[in-house]
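Trainee: Take a look at this one; I'll ask things after.
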Amino acid sequence: MEEKIQQARILMDALPYIRLFNKKTIVIKYGGSAQEVPALREKFTQDVVLLYLVGIKPIIVHGGGKKINNLLDKLAINSHFVDGLRVTDDEIMEVVEMVLGGHINKEITNLLNFNGAKAIGITGKDASFMQARALENGKYGLVGEITHVRRSVIDDLVAQNFIPVIAPIAAGGSNHPGFNVNADLAASEIAVALNAEKIIFLTDTTGILDKEKKLLSVLNQEDIKALKRNGTIHGGMIPKTDACLASLQGGVKSAHIIDGRIEHSILLELFTSDGIGTNIK
């Protein structure tokens, strides 16, 4: 009986946060181990379905770098990264779209539907929902920066009680192969366009760490700049922190980088007083 009472207490502790986020939009960038490890994938799916059932509006933006790497290796196609971004030519773009818009997107959508939600998978090419141009005048090839997000496309899906699952591939115009958009930056642009309450990035680390590998639980814009200058923030964490700052500057109320390797990490962030990971203000 004591165990059941404890379960009830946990639910009651979550109630104020469920009330707080009811009918609010939460953008979740989904990637890393939470996407790769079957047990974590199942927990993530359960978390999102719970948010959906209690009246929160989750929007999923996913990456898929490891599976892209695996397929590129199988096809003997070389690729490399600059500033944490994959340099993308026409051949790599085909693989990116195949993996992100095909395999991964439909896998996530299927899991959500199977667990009781009503999810639909799209890319930025659908209804020209995300439009982009070449980032830094083509320095990274077909890597794009988003120029426009058609909010009405997502609003219409949410109004019909769908959970949008978005692959970060943007339209580039007529007869254009499209752009590979960094999933972190795509999530940020989408969160801004939707006036989201919160954006959450799932990673394979506890959050942003200092040089002694200790968690930095709260940071601001000046902290981020200093950590980038001294090399503490580097590689793939650069676009994540840039995306957090862009989200906040665009009106999103809070941005969080959390450990997707922890079971039910989304619930721990949203429904507990302390939360987890790094909160960027």
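Following the order of the structure tokens, first chain is A, next is B, and so on, with residues numbered from 1 inside each chain and ligands from 1 in the order they appear.
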If we count only C-alpha atoms, what is near A:Asn220 at a cut-off of 9 Å, once residues fewer than 4 positions away on the same chain are taken out, given as a PDB file with N, CA and C atoms, in the first residue's frame?

Mentor:
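Writing the result to selection.pdb gives the following:
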ATOM      1  N   ILE A 224      27.665  31.608 -22.349  1.00  0.00           N
ATOM      2  CA  ILE A 224      27.829  30.784 -23.557  1.00  0.00           C
ATOM      3  C   ILE A 224      28.962  31.331 -24.422  1.00  0.00           C
ATOM      4  N   LYS A 225      28.989  32.641 -24.620  1.00  0.00           N
ATOM      5  CA  LYS A 225      30.044  33.250 -25.443  1.00  0.00           C
ATOM      6  C   LYS A 225      31.424  32.958 -24.860  1.00  0.00           C
ATOM      7  N   LEU A 245      20.122  29.877 -27.838  1.00  0.00           N
ATOM      8  CA  LEU A 245      20.125  31.336 -27.783  1.00  0.00           C
ATOM      9  C   LEU A 245      19.187  31.931 -28.819  1.00  0.00           C
ATOM     10  N   ASN A 279      19.868  24.679 -18.102  1.00  0.00           N
ATOM     11  CA  ASN A 279      18.847  25.646 -18.473  1.00  0.00           C
ATOM     12  C   ASN A 279      19.561  26.904 -18.957  1.00  0.00           C
ATOM     13  N   ILE A 280      19.312  27.295 -20.192  1.00  0.00           N
ATOM     14  CA  ILE A 280      19.946  28.497 -20.748  1.00  0.00           C
ATOM     15  C   ILE A 280      18.943  29.629 -20.730  1.00  0.00           C
ATOM     16  N   LYS A 281      19.310  30.709 -20.075  1.00  0.00           N
ATOM     17  CA  LYS A 281      18.401  31.857 -19.893  1.00  0.00           C
ATOM     18  C   LYS A 281      18.886  33.049 -20.681  1.00  0.00           C
TER      19      LYS A 281
END

Trainee: Among stretch 98-253 of chain A, which ones does DSSP place in alpha helix (DSSP H), written as an MDAnalysis selection string?

Mentor: chainID A and resid 105:114 151:159 183:193 221:229 237:249

Trainee: Give me the residues near stretch 111-124 of chain A as a PyMOL selection string, where near means some atom within 8 Å (using only C-alpha atoms) and where sequence neighbours in that chain fewer than 5 positions away do not count.

Mentor: chain A and resi 42+45-46+48-49+52-53+101+105-106+129-131+161-171

Trainee: What are the closest atom pairs, with distances in Å to one decimal, for all residues of stretch 145-188 of chain A lying within 12 Å of stretch 229-237 of chain A? Consider only C-alpha atoms, order rows by chain and residue number, and present the result as CSV.

Mentor:
residue,atom,partner,partner_atom,distance
A:Asn182,CA,A:Gly236,CA,10.1
A:Ala183,CA,A:Gly236,CA,11.1
A:Asp184,CA,A:Gly236,CA,9.7
A:Leu185,CA,A:Met237,CA,11.6

Trainee: Could you please take those selected residues and save N, CA and C atoms as a PDB file, in the first residue's frame?

Mentor:
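Just written: out31.pdb:
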ATOM      1  N   ASN A 182      20.694  21.520 -40.045  1.00  0.00           N
ATOM      2  CA  ASN A 182      21.033  20.996 -38.726  1.00  0.00           C
ATOM      3  C   ASN A 182      19.767  20.903 -37.883  1.00  0.00           C
ATOM      4  N   ALA A 183      19.541  19.732 -37.281  1.00  0.00           N
ATOM      5  CA  ALA A 183      18.277  19.495 -36.570  1.00  0.00           C
ATOM      6  C   ALA A 183      18.114  20.421 -35.371  1.00  0.00           C
ATOM      7  N   ASP A 184      19.217  20.774 -34.702  1.00  0.00           N
ATOM      8  CA  ASP A 184      19.131  21.694 -33.569  1.00  0.00           C
ATOM      9  C   ASP A 184      18.635  23.064 -34.028  1.00  0.00           C
ATOM     10  N   LEU A 185      19.224  23.550 -35.119  1.00  0.00           N
ATOM     11  CA  LEU A 185      18.839  24.872 -35.616  1.00  0.00           C
ATOM     12  C   LEU A 185      17.430  24.851 -36.199  1.00  0.00           C
TER      13      LEU A 185
END

Trainee: Please provide as a list in words all residues within 6 Å of A:Val87, with the sequence filter that same-chain residues fewer than 4 positions apart are discarded (counting only C-alpha atoms).

Mentor: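 Neighbouring residues, sequence-local ones excluded: Phe81, Tyr140 and Gly141 of chain A.
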
Trainee: Could you save the residues just selected, with N, CA and C atoms, as a compact mmCIF listing (two decimals), in the first residue's frame?

Mentor:
# COMPACT_ATOMS: atom_id res chain seq x y z
N PHE A 81 32.85 16.82 -41.41
CA PHE A 81 32.15 17.88 -40.68
C PHE A 81 33.05 19.11 -40.57
N TYR A 140 29.13 24.97 -46.77
CA TYR A 140 28.88 23.59 -46.34
C TYR A 140 28.11 22.79 -47.40
N GLY A 141 28.12 23.27 -48.64
CA GLY A 141 27.37 22.59 -49.69
C GLY A 141 25.87 22.80 -49.53

Trainee: Between atom CA of A:Gly250 and atom CA of A:Ala34, what distance in Å does the model show, to one decimal?

Mentor: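 For atom CA of A:Gly250 relative to atom CA of A:Ala34, the distance reads 27.1 Å.
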
Trainee: What lies within 12 Å of A:Ser152 using only C-alpha atoms, ignoring chain neighbours under 6 positions off, as JSON, numbers by chain?

Mentor: {"A": [127, 128, 129, 130, 158, 159, 190, 193, 194]}

Trainee: Just to be explicit: take each residue in the selection above, keep C-alpha atoms, and write the result as a PDB file, in the first residue's frame.

Mentor:
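out29.pdb was written with the following content:
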ATOM      1  CA  ALA A 127       3.717  22.030 -48.277  1.00  0.00           C
ATOM      2  CA  SER A 128       7.051  23.931 -48.481  1.00  0.00           C
ATOM      3  CA  PHE A 129       6.708  24.065 -44.712  1.00  0.00           C
ATOM      4  CA  MET A 130      10.396  24.989 -44.235  1.00  0.00           C
ATOM      5  CA  VAL A 158      -2.046  20.305 -34.142  1.00  0.00           C
ATOM      6  CA  ALA A 159      -5.643  21.523 -34.514  1.00  0.00           C
ATOM      7  CA  ILE A 190      10.283  25.969 -35.548  1.00  0.00           C
ATOM      8  CA  ALA A 193       7.697  30.325 -35.413  1.00  0.00           C
ATOM      9  CA  LEU A 194       5.253  28.518 -33.104  1.00  0.00           C
TER      10      LEU A 194
END

Trainee: Please provide as number ranges by chain all residues within 8 Å of A:Ile258, with the sequence filter that same-chain residues fewer than 6 positions apart are discarded (counting only C-alpha atoms).

Mentor: A: 200-203, 205-207, 265, 269, 276-278

Trainee: Please save C-alpha atoms of the selected residues as a short mmCIF file (atom, residue, chain, number, x, y, z; two decimals), in the first residue's frame.

Mentor:
data_model
loop_
_atom_site.label_atom_id
_atom_site.label_comp_id
_atom_site.auth_asym_id
_atom_site.auth_seq_id
_atom_site.Cartn_x
_atom_site.Cartn_y
_atom_site.Cartn_z
CA ILE A 200 14.26 20.80 -25.10
CA PHE A 201 17.35 19.24 -26.70
CA LEU A 202 18.07 15.58 -25.90
CA THR A 203 21.80 14.81 -25.93
CA THR A 205 25.65 14.22 -22.03
CA THR A 206 24.21 15.46 -18.75
CA GLY A 207 24.12 18.97 -20.19
CA SER A 265 14.25 12.50 -19.03
CA GLU A 269 12.62 18.11 -16.85
CA ILE A 276 17.64 18.20 -15.12
CA GLY A 277 20.44 19.25 -17.45
CA THR A 278 21.37 22.83 -18.40
#

Trainee: So what do you get for atom CA of A:Leu15 versus atom CA of A:Ile108, distance-wise?

Mentor: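 Taking atom CA of A:Leu15 and atom CA of A:Ile108, their separation equals 27.5 Å.
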
Trainee: Between A:Ser217, A:Thr272, A:Gln35, A:Asn180, which is the closest to A:Met98 once you count only C-alpha atoms?

Mentor: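 Selected residue with least distance to A:Met98: A:Asn180.
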
Trainee: One decimal, Å: what's the distance from atom CA of A:Leu157 over to atom CA of A:Lys57, could you say?

Mentor: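 Between atom CA of A:Leu157 and atom CA of A:Lys57 the gap works out to 10.8 Å.
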
Trainee: Which residues are near A:Asp73? Cut-off 12 Å, only C-alpha atoms, ignore same chain within fewer than 6 positions. Put them as a list in words.

Mentor: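 Final neighbour list, sorted by chain and number: Lys66, Lys67, Ser79, His80, Ile92 and Val95 of chain A.
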